[in-house]
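Engineer: Quick one, upload-v2.pdb (PDB, C-alpha atoms):
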ATOM      1  CA  MET A   1       0.000   0.000   0.000
ATOM      2  CA  ILE A   2       1.457   3.378  -0.984
ATOM      3  CA  ASN A   3       1.786   6.229   1.528
ATOM      4  CA  ALA A   4      -0.927   8.358  -0.105
ATOM      5  CA  THR A   5      -3.450   5.479   0.278
ATOM      6  CA  LYS A   6      -2.488   4.999   3.946
ATOM      7  CA  LYS A   7      -2.860   8.739   4.529
ATOM      8  CA  TRP A   8      -6.309   8.726   2.876
ATOM      9  CA  ILE A   9      -7.465   5.767   5.014
ATOM     10  CA  PHE A  10      -6.220   7.443   8.236
ATOM     11  CA  LEU A  11      -7.946  10.669   7.175
ATOM     12  CA  LYS A  12     -11.265   8.873   6.618
ATOM     13  CA  ILE A  13     -11.099   6.832   9.839
ATOM     14  CA  SER A  14     -10.205   9.907  11.906
ATOM     15  CA  SER A  15     -12.980  11.968  10.289
ATOM     16  CA  ALA A  16     -15.585   9.246  11.011
ATOM     17  CA  ILE A  17     -14.479   9.214  14.679
ATOM     18  CA  LEU A  18     -14.221  13.007  14.888
ATOM     19  CA  VAL A  19     -17.754  13.812  13.607
ATOM     20  CA  PRO A  20     -19.675  12.441  16.675
ATOM     21  CA  LEU A  21     -16.994  13.825  19.033
ATOM     22  CA  MET A  22     -17.395  17.296  17.480
ATOM     23  CA  VAL A  23     -21.185  17.189  17.872
ATOM     24  CA  TRP A  24     -20.824  16.019  21.497
ATOM     25  CA  PHE A  25     -18.316  18.796  22.256
ATOM     26  CA  LEU A  26     -20.439  21.530  20.632
ATOM     27  CA  PHE A  27     -23.534  20.667  22.696
ATOM     28  CA  ASN A  28     -21.407  20.806  25.858
ATOM     29  CA  LEU A  29     -19.481  23.927  24.795
ATOM     30  CA  VAL A  30     -22.625  26.067  24.487
ATOM     31  CA  SER A  31     -23.867  24.766  27.835
ATOM     32  CA  PHE A  32     -20.715  25.561  29.883
ATOM     33  CA  TYR A  33     -18.648  28.274  28.170
ATOM     34  CA  ASP A  34     -20.029  31.098  30.364
ATOM     35  CA  ARG A  35     -20.169  29.099  33.615
ATOM     36  CA  ASP A  36     -17.853  29.782  36.552
ATOM     37  CA  TYR A  37     -14.479  28.182  37.270
ATOM     38  CA  GLU A  38     -15.761  25.264  39.368
ATOM     39  CA  GLU A  39     -18.349  24.135  36.806
ATOM     40  CA  VAL A  40     -15.907  24.341  33.873
ATOM     41  CA  LEU A  41     -13.278  22.491  35.924
ATOM     42  CA  ILE A  42     -15.792  19.734  36.729
ATOM     43  CA  PHE A  43     -16.587  19.350  33.016
ATOM     44  CA  PHE A  44     -12.949  18.956  31.980
ATOM     45  CA  THR A  45     -11.840  16.769  34.898
ATOM     46  CA  ASN A  46     -14.778  14.407  35.500
ATOM     47  CA  GLN A  47     -15.370  11.165  33.641
ATOM     48  CA  PRO A  48     -16.611  10.395  30.994
ATOM     49  CA  THR A  49     -16.175  13.980  29.730
ATOM     50  CA  LYS A  50     -12.413  13.964  30.383
ATOM     51  CA  PHE A  51     -11.969  10.783  28.335
ATOM     52  CA  LEU A  52     -14.184  12.049  25.488
ATOM     53  CA  PHE A  53     -12.462  15.452  25.473
ATOM     54  CA  SER A  54      -9.050  13.719  25.329
ATOM     55  CA  LEU A  55     -10.214  11.686  22.322
ATOM     56  CA  PHE A  56     -11.615  14.844  20.718
ATOM     57  CA  ILE A  57      -8.295  16.707  21.079
ATOM     58  CA  ILE A  58      -6.210  13.767  19.813
ATOM     59  CA  PHE A  59      -8.388  13.103  16.753
ATOM     60  CA  ALA A  60      -8.894  16.818  15.988
ATOM     61  CA  TYR A  61      -5.126  17.359  15.748
ATOM     62  CA  PHE A  62      -4.505  14.078  13.929
ATOM     63  CA  TYR A  63      -7.212  14.836  11.340
ATOM     64  CA  SER A  64      -6.174  18.488  10.962
ATOM     65  CA  ALA A  65      -2.500  17.646  10.496
ATOM     66  CA  LEU A  66      -3.387  15.213   7.710
ATOM     67  CA  SER A  67      -5.856  17.546   5.984
ATOM     68  CA  ILE A  68      -3.625  20.645   6.230
ATOM     69  CA  SER A  69      -0.695  18.652   4.817
ATOM     70  CA  GLU A  70      -2.989  17.984   1.812
ATOM     71  CA  VAL A  71      -3.369  21.762   1.409
ATOM     72  CA  PHE A  72       0.444  22.083   1.478
ATOM     73  CA  GLU A  73       0.657  19.308  -1.137
ATOM     74  CA  ASP A  74      -1.744  21.181  -3.412
ATOM     75  CA  TYR A  75      -0.453  24.717  -3.061
ATOM     76  CA  ILE A  76       3.263  24.661  -2.145
ATOM     77  CA  ASP A  77       5.592  24.106  -5.098
ATOM     78  CA  SER A  78       8.966  24.016  -3.350
ATOM     79  CA  GLU A  79       9.742  20.555  -1.915
ATOM     80  CA  LYS A  80      12.035  22.074   0.705
ATOM     81  CA  LEU A  81       9.419  24.538   1.920
ATOM     82  CA  LYS A  82       6.740  21.811   1.896
ATOM     83  CA  ASN A  83       8.919  19.521   4.053
ATOM     84  CA  VAL A  84       9.595  22.297   6.566
ATOM     85  CA  ALA A  85       5.892  23.219   6.686
ATOM     86  CA  ASN A  86       4.889  19.569   7.198
ATOM     87  CA  LYS A  87       7.477  18.999   9.934
ATOM     88  CA  LEU A  88       6.363  22.138  11.791
ATOM     89  CA  LEU A  89       2.732  21.082  11.399
ATOM     90  CA  TYR A  90       3.352  17.556  12.784
ATOM     91  CA  LEU A  91       5.440  18.951  15.642
ATOM     92  CA  PHE A  92       2.626  21.382  16.513
ATOM     93  CA  ALA A  93       0.048  18.554  16.272
ATOM     94  CA  ILE A  94       2.052  16.496  18.788
ATOM     95  CA  ILE A  95       3.176  19.167  21.282
ATOM     96  CA  ILE A  96      -0.120  21.056  21.799
ATOM     97  CA  PRO A  97      -2.452  18.069  22.482
ATOM     98  CA  THR A  98       0.198  16.226  24.538
ATOM     99  CA  SER A  99       0.845  19.212  26.818
ATOM    100  CA  THR A 100      -2.902  19.907  27.118
ATOM    101  CA  LEU A 101      -3.637  16.328  28.114
ATOM    102  CA  LEU A 102      -0.755  16.324  30.608
ATOM    103  CA  LEU A 103      -2.167  19.490  32.175
ATOM    104  CA  LEU A 104      -5.667  18.044  32.185
ATOM    105  CA  TYR A 105      -4.606  14.840  33.927
ATOM    106  CA  LYS A 106      -2.479  16.850  36.387
ATOM    107  CA  LEU A 107      -5.546  18.974  37.192
ATOM    108  CA  THR A 108      -7.405  15.836  38.208
ATOM    109  CA  LEU A 109      -4.698  14.604  40.595
TER     110      LEU A 109
ATOM    111  CA  MET B   1      12.971  11.998  -5.701
ATOM    112  CA  GLU B   2      11.533  14.984  -7.546
ATOM    113  CA  ASN B   3       7.796  15.412  -7.078
ATOM    114  CA  LYS B   4       6.086  15.530 -10.490
ATOM    115  CA  ASN B   5       2.582  16.042  -9.097
ATOM    116  CA  PRO B   6       0.873  19.102 -10.608
ATOM    117  CA  LEU B   7      -0.103  21.931  -8.273
ATOM    118  CA  SER B   8      -3.778  22.853  -7.990
ATOM    119  CA  PRO B   9      -4.675  25.806 -10.240
ATOM    120  CA  HIS B  10      -5.126  29.001  -8.280
ATOM    121  CA  ILE B  11      -8.690  29.457  -7.035
ATOM    122  CA  GLN B  12      -9.019  32.820  -8.815
ATOM    123  CA  ILE B  13      -9.158  31.184 -12.254
ATOM    124  CA  TYR B  14     -12.304  29.157 -11.465
ATOM    125  CA  ASN B  15     -15.900  30.240 -11.945
ATOM    126  CA  TRP B  16     -17.639  29.847  -8.612
ATOM    127  CA  HIS B  17     -20.018  26.891  -8.225
ATOM    128  CA  ILE B  18     -21.606  25.350  -5.151
ATOM    129  CA  SER B  19     -19.062  22.505  -5.233
ATOM    130  CA  SER B  20     -16.067  24.859  -5.377
ATOM    131  CA  LEU B  21     -17.551  27.075  -2.674
ATOM    132  CA  ILE B  22     -17.999  24.052  -0.366
ATOM    133  CA  SER B  23     -14.547  22.707  -1.206
ATOM    134  CA  ILE B  24     -12.673  25.938  -0.400
ATOM    135  CA  SER B  25     -14.885  26.576   2.660
ATOM    136  CA  HIS B  26     -14.127  23.040   3.889
ATOM    137  CA  ARG B  27     -10.402  23.740   3.696
ATOM    138  CA  ILE B  28     -10.707  27.178   5.305
ATOM    139  CA  THR B  29     -12.865  25.833   8.167
ATOM    140  CA  SER B  30     -10.349  22.967   8.656
ATOM    141  CA  ILE B  31      -7.633  25.560   9.323
ATOM    142  CA  ILE B  32      -9.945  27.767  11.428
ATOM    143  CA  ASN B  33     -11.037  24.740  13.471
ATOM    144  CA  ILE B  34      -7.505  23.745  14.390
ATOM    145  CA  ILE B  35      -6.868  27.331  15.538
ATOM    146  CA  ILE B  36     -10.065  27.104  17.625
ATOM    147  CA  VAL B  37      -9.040  23.722  19.096
ATOM    148  CA  THR B  38      -5.678  25.283  20.002
ATOM    149  CA  LEU B  39      -7.518  28.137  21.760
ATOM    150  CA  ILE B  40      -9.576  25.505  23.621
ATOM    151  CA  CYS B  41      -6.275  23.923  24.738
ATOM    152  CA  PHE B  42      -5.156  27.317  26.090
ATOM    153  CA  TRP B  43      -8.534  27.566  27.825
ATOM    154  CA  VAL B  44      -7.787  24.267  29.613
ATOM    155  CA  ALA B  45      -4.328  25.622  30.509
ATOM    156  CA  PHE B  46      -6.002  28.686  32.089
ATOM    157  CA  LEU B  47      -7.918  26.334  34.408
ATOM    158  CA  PHE B  48      -4.543  25.223  35.735
ATOM    159  CA  LEU B  49      -3.788  28.828  36.813
ATOM    160  CA  GLY B  50      -6.654  28.824  39.303
ATOM    161  CA  ASN B  51      -9.942  30.557  39.981
ATOM    162  CA  SER B  52      -8.702  34.172  40.130
ATOM    163  CA  ASN B  53      -6.985  33.991  36.724
ATOM    164  CA  TYR B  54      -9.936  32.149  35.184
ATOM    165  CA  GLU B  55     -12.153  35.212  35.788
ATOM    166  CA  ILE B  56     -10.416  36.859  32.782
ATOM    167  CA  ILE B  57     -11.723  34.068  30.530
ATOM    168  CA  GLN B  58     -15.184  34.132  32.107
ATOM    169  CA  LYS B  59     -15.453  37.909  31.608
ATOM    170  CA  PHE B  60     -14.215  37.589  28.012
ATOM    171  CA  PHE B  61     -17.004  35.100  27.195
ATOM    172  CA  GLN B  62     -19.558  37.610  28.473
ATOM    173  CA  THR B  63     -18.398  40.256  25.980
ATOM    174  CA  PHE B  64     -19.727  40.626  22.429
ATOM    175  CA  LEU B  65     -16.424  39.322  21.016
ATOM    176  CA  GLY B  66     -16.527  36.286  23.320
ATOM    177  CA  LYS B  67     -20.074  35.393  22.318
ATOM    178  CA  PHE B  68     -19.223  35.988  18.649
ATOM    179  CA  LEU B  69     -16.256  33.614  19.018
ATOM    180  CA  ILE B  70     -18.475  30.894  20.496
ATOM    181  CA  ILE B  71     -21.153  31.298  17.779
ATOM    182  CA  SER B  72     -18.457  31.261  15.065
ATOM    183  CA  THR B  73     -16.926  28.143  16.620
ATOM    184  CA  VAL B  74     -20.261  26.326  16.603
ATOM    185  CA  TRP B  75     -20.933  27.356  12.981
ATOM    186  CA  SER B  76     -17.443  26.436  11.776
ATOM    187  CA  PHE B  77     -17.576  23.008  13.465
ATOM    188  CA  SER B  78     -21.159  22.446  12.221
ATOM    189  CA  PHE B  79     -20.066  23.217   8.667
ATOM    190  CA  GLN B  80     -17.149  20.793   9.004
ATOM    191  CA  VAL B  81     -19.394  18.050  10.461
ATOM    192  CA  LEU B  82     -21.944  18.293   7.607
ATOM    193  CA  SER B  83     -19.241  18.564   4.959
ATOM    194  CA  GLU B  84     -17.446  15.518   6.396
ATOM    195  CA  ILE B  85     -20.710  13.513   6.348
ATOM    196  CA  ARG B  86     -21.063  14.523   2.658
ATOM    197  CA  HIS B  87     -17.515  13.279   2.025
ATOM    198  CA  ILE B  88     -18.232   9.978   3.822
ATOM    199  CA  PHE B  89     -21.239   9.405   1.506
ATOM    200  CA  TRP B  90     -19.014  10.138  -1.512
ATOM    201  CA  ASP B  91     -16.454   7.639  -0.204
ATOM    202  CA  LEU B  92     -19.228   5.023   0.008
ATOM    203  CA  GLY B  93     -20.078   5.765  -3.642
ATOM    204  CA  PHE B  94     -23.222   7.902  -3.212
ATOM    205  CA  GLY B  95     -24.075  11.436  -4.300
ATOM    206  CA  PHE B  96     -21.756  11.978  -7.259
ATOM    207  CA  GLU B  97     -24.489  13.075  -9.714
ATOM    208  CA  LEU B  98     -24.267  16.821 -10.415
ATOM    209  CA  LYS B  99     -27.815  17.519  -9.216
ATOM    210  CA  THR B 100     -27.354  15.484  -6.007
ATOM    211  CA  SER B 101     -23.963  17.074  -5.396
ATOM    212  CA  ASN B 102     -25.464  20.570  -5.720
ATOM    213  CA  ILE B 103     -28.344  19.688  -3.395
ATOM    214  CA  THR B 104     -26.049  18.195  -0.739
ATOM    215  CA  GLY B 105     -23.792  21.268  -1.107
ATOM    216  CA  LEU B 106     -26.757  23.523  -0.335
ATOM    217  CA  VAL B 107     -27.694  21.237   2.581
ATOM    218  CA  VAL B 108     -24.168  21.752   3.980
ATOM    219  CA  ILE B 109     -24.383  25.565   3.629
ATOM    220  CA  PHE B 110     -27.904  26.101   5.006
ATOM    221  CA  GLY B 111     -27.723  23.069   7.311
ATOM    222  CA  SER B 112     -24.665  24.510   9.078
ATOM    223  CA  PHE B 113     -26.677  27.586  10.109
ATOM    224  CA  ILE B 114     -29.688  25.477  11.151
ATOM    225  CA  LEU B 115     -27.430  23.087  13.095
ATOM    226  CA  THR B 116     -25.784  26.069  14.849
ATOM    227  CA  ILE B 117     -29.201  27.343  16.019
ATOM    228  CA  PHE B 118     -30.286  23.791  16.992
ATOM    229  CA  ILE B 119     -27.092  23.220  19.040
ATOM    230  CA  PHE B 120     -27.561  26.537  20.840
ATOM    231  CA  ILE B 121     -31.214  25.860  21.692
ATOM    232  CA  LEU B 122     -30.564  22.298  22.872
ATOM    233  CA  GLY B 123     -27.102  22.921  24.373
ATOM    234  CA  LYS B 124     -28.280  25.835  26.511
ATOM    235  CA  ASN B 125     -30.848  23.526  28.123
ATOM    236  CA  LEU B 126     -28.346  20.722  28.660
ATOM    237  CA  ILE B 127     -27.623  19.919  32.292
ATOM    238  CA  LEU B 128     -23.991  19.093  32.934
TER     239      LEU B 128
END
Write the structure described by the file as structure tokens, please.
Structural biologist:
Amino acid sequence: MINATKKWIFLKISSAILVPLMVWFLFNLVSFYDRDYEEVLIFFTNQPTKFLFSLFIIFAYFYSALSISEVFEDYIDSEKLKNVANKLLYLFAIIIPTSTLLLLYKLTL
Amino acid sequence: MENKNPLSPHIQIYNWHISSLISISHRITSIINIIIVTLICFWVAFLFLGNSNYEIIQKFFQTFLGKFLIISTVWSFSFQVLSEIRHIFWDLGFGFELKTSNITGLVVIFGSFILTIFIFILGKNLIL
């Protein structure tokens, strides 16, 4: 299987997982965004919301990294620039969710 | 190895159709959504700073800009959800006919606004 096919399959699987997670998060977002500290903290640190939010963050970054790299593929001509852009994108997609999840699980302790 | 793949023609040379509008909007909302998810991550980080610092975020969400940001987030995610569902149907082999494609494109555009209103009405009554 060539890399492009693997990438397409990962993109489709992650999008199918992400759609219900996005809907779940949106319903919750509008219900708690203007609440006070304690209520927002309870949402992010209690189960099952913590687990679902973790999944949402992981799949959102995974899906976005793959789909934005497709945009780079389509619109950036220089191979060197494309490689740098992709590496920065993947680094960003690893660092931000990992540090957020570490903070989130530290908040619970 | 040198990449021989052609680049996509610049969007300015196309005549606008529903399909092209949805396609470019899908890509733009993908980028906007990852910026929003990153802001949500910073929001979680603010929780770590404690109650007194969190008041800044709470006050921001009560401003016009804060509410606009939340409404835009819900619309942008709703658009992405409906557009992704359209893509999943395409991947399963349905909806390629021009007429069907135009109809589903319109469903994505108008449906995203309807879904935004629906999420706000239902979400506001949701008990955590």
Engineer: Convert the output of the PyMOL selection byres ((chain B) within 9 of (chain A)) on the shown file into explicit residues, formatted as an mmCIF file with C-alpha atoms, keeping the file's coordinate frame.
Structural biologist:
data_model
loop_
_atom_site.group_PDB
_atom_site.id
_atom_site.type_symbol
_atom_site.label_atom_id
_atom_site.label_comp_id
_atom_site.auth_asym_id
_atom_site.auth_seq_id
_atom_site.Cartn_x
_atom_site.Cartn_y
_atom_site.Cartn_z
ATOM 1 C CA GLU B 2 11.533 14.984 -7.546
ATOM 2 C CA ASN B 3 7.796 15.412 -7.078
ATOM 3 C CA ASN B 5 2.582 16.042 -9.097
ATOM 4 C CA PRO B 6 0.873 19.102 -10.608
ATOM 5 C CA LEU B 7 -0.103 21.931 -8.273
ATOM 6 C CA SER B 8 -3.778 22.853 -7.990
ATOM 7 C CA PRO B 9 -4.675 25.806 -10.240
ATOM 8 C CA HIS B 10 -5.126 29.001 -8.280
ATOM 9 C CA ARG B 27 -10.402 23.740 3.696
ATOM 10 C CA SER B 30 -10.349 22.967 8.656
ATOM 11 C CA ILE B 31 -7.633 25.560 9.323
ATOM 12 C CA ASN B 33 -11.037 24.740 13.471
ATOM 13 C CA ILE B 34 -7.505 23.745 14.390
ATOM 14 C CA VAL B 37 -9.040 23.722 19.096
ATOM 15 C CA THR B 38 -5.678 25.283 20.002
ATOM 16 C CA CYS B 41 -6.275 23.923 24.738
ATOM 17 C CA PHE B 42 -5.156 27.317 26.090
ATOM 18 C CA VAL B 44 -7.787 24.267 29.613
ATOM 19 C CA ALA B 45 -4.328 25.622 30.509
ATOM 20 C CA LEU B 47 -7.918 26.334 34.408
ATOM 21 C CA PHE B 48 -4.543 25.223 35.735
ATOM 22 C CA GLY B 50 -6.654 28.824 39.303
ATOM 23 C CA ASN B 51 -9.942 30.557 39.981
ATOM 24 C CA SER B 52 -8.702 34.172 40.130
ATOM 25 C CA TYR B 54 -9.936 32.149 35.184
ATOM 26 C CA GLU B 55 -12.153 35.212 35.788
ATOM 27 C CA ILE B 57 -11.723 34.068 30.530
ATOM 28 C CA GLN B 58 -15.184 34.132 32.107
ATOM 29 C CA LYS B 59 -15.453 37.909 31.608
ATOM 30 C CA PHE B 61 -17.004 35.100 27.195
ATOM 31 C CA GLN B 62 -19.558 37.610 28.473
ATOM 32 C CA ILE B 70 -18.475 30.894 20.496
ATOM 33 C CA ILE B 71 -21.153 31.298 17.779
ATOM 34 C CA THR B 73 -16.926 28.143 16.620
ATOM 35 C CA VAL B 74 -20.261 26.326 16.603
ATOM 36 C CA PHE B 77 -17.576 23.008 13.465
ATOM 37 C CA SER B 78 -21.159 22.446 12.221
ATOM 38 C CA GLN B 80 -17.149 20.793 9.004
ATOM 39 C CA VAL B 81 -19.394 18.050 10.461
ATOM 40 C CA LEU B 82 -21.944 18.293 7.607
ATOM 41 C CA GLU B 84 -17.446 15.518 6.396
ATOM 42 C CA ILE B 85 -20.710 13.513 6.348
ATOM 43 C CA HIS B 87 -17.515 13.279 2.025
ATOM 44 C CA ILE B 88 -18.232 9.978 3.822
ATOM 45 C CA ASP B 91 -16.454 7.639 -0.204
ATOM 46 C CA ILE B 119 -27.092 23.220 19.040
ATOM 47 C CA PHE B 120 -27.561 26.537 20.840
ATOM 48 C CA LEU B 122 -30.564 22.298 22.872
ATOM 49 C CA GLY B 123 -27.102 22.921 24.373
ATOM 50 C CA LYS B 124 -28.280 25.835 26.511
ATOM 51 C CA ASN B 125 -30.848 23.526 28.123
ATOM 52 C CA LEU B 126 -28.346 20.722 28.660
ATOM 53 C CA ILE B 127 -27.623 19.919 32.292
ATOM 54 C CA LEU B 128 -23.991 19.093 32.934
#
Engineer: Please, what distance in Å, to one decimal, runs between atom CA of B:Ile117 and atom CA of B:Phe79?
Structural biologist: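 Calculated distance between atom CA of B:Ile117 and atom CA of B:Phe79 is 12.4 Å.
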Engineer: Rounded to one decimal place, report the atom CA of A:Lys87-atom CA of A:Phe62 distance in Å.
Structural biologist: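 These atoms are spaced 13.6 Å apart.
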Engineer: Could you please determine the separation between atom CA of B:His26 and atom CA of A:Ile94 in Å, to one decimal place?
Structural biologist: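 Separation of atom CA of B:His26 and atom CA of A:Ile94: 22.9 Å.
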Engineer: Could you check which of B:Ser112, B:Thr29, B:Ser83, B:Asn102 is closest to B:His17, using only C-alpha atoms?
Structural biologist: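 Closest to B:His17 of all the choices is B:Asn102.
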Engineer: Considering all atoms listed in the file, return as a ChimeraX atom specification whatever protein or nucleic-acid residues lie within 8 Å of B:Thr104, sequence-local ones (same chain, fewer than 4 positions apart) excluded.
Structural biologist: /B:86,95,100,108
Engineer: Take every atom of stretch 50-67 of chain A listed in the file, pad by 5 Å on each side, and give me the axis-aligned box centre and edge lengths in Å, one decimal, as AutoDock Vina command-line options.
Structural biologist:
--center_x -8.3 --center_y 14.6 --center_z 18.2 --size_x 21.7 --size_y 17.7 --size_z 34.4
Engineer: Given only C-alpha atoms as the basis, pick out the residue of B:Ile18, B:Leu115, B:Phe68, B:Trp75 nearest to B:Ser101.
Structural biologist: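 Between B:Ile18, B:Leu115, B:Phe68, B:Trp75, the residue approaching B:Ser101 most closely is B:Ile18.
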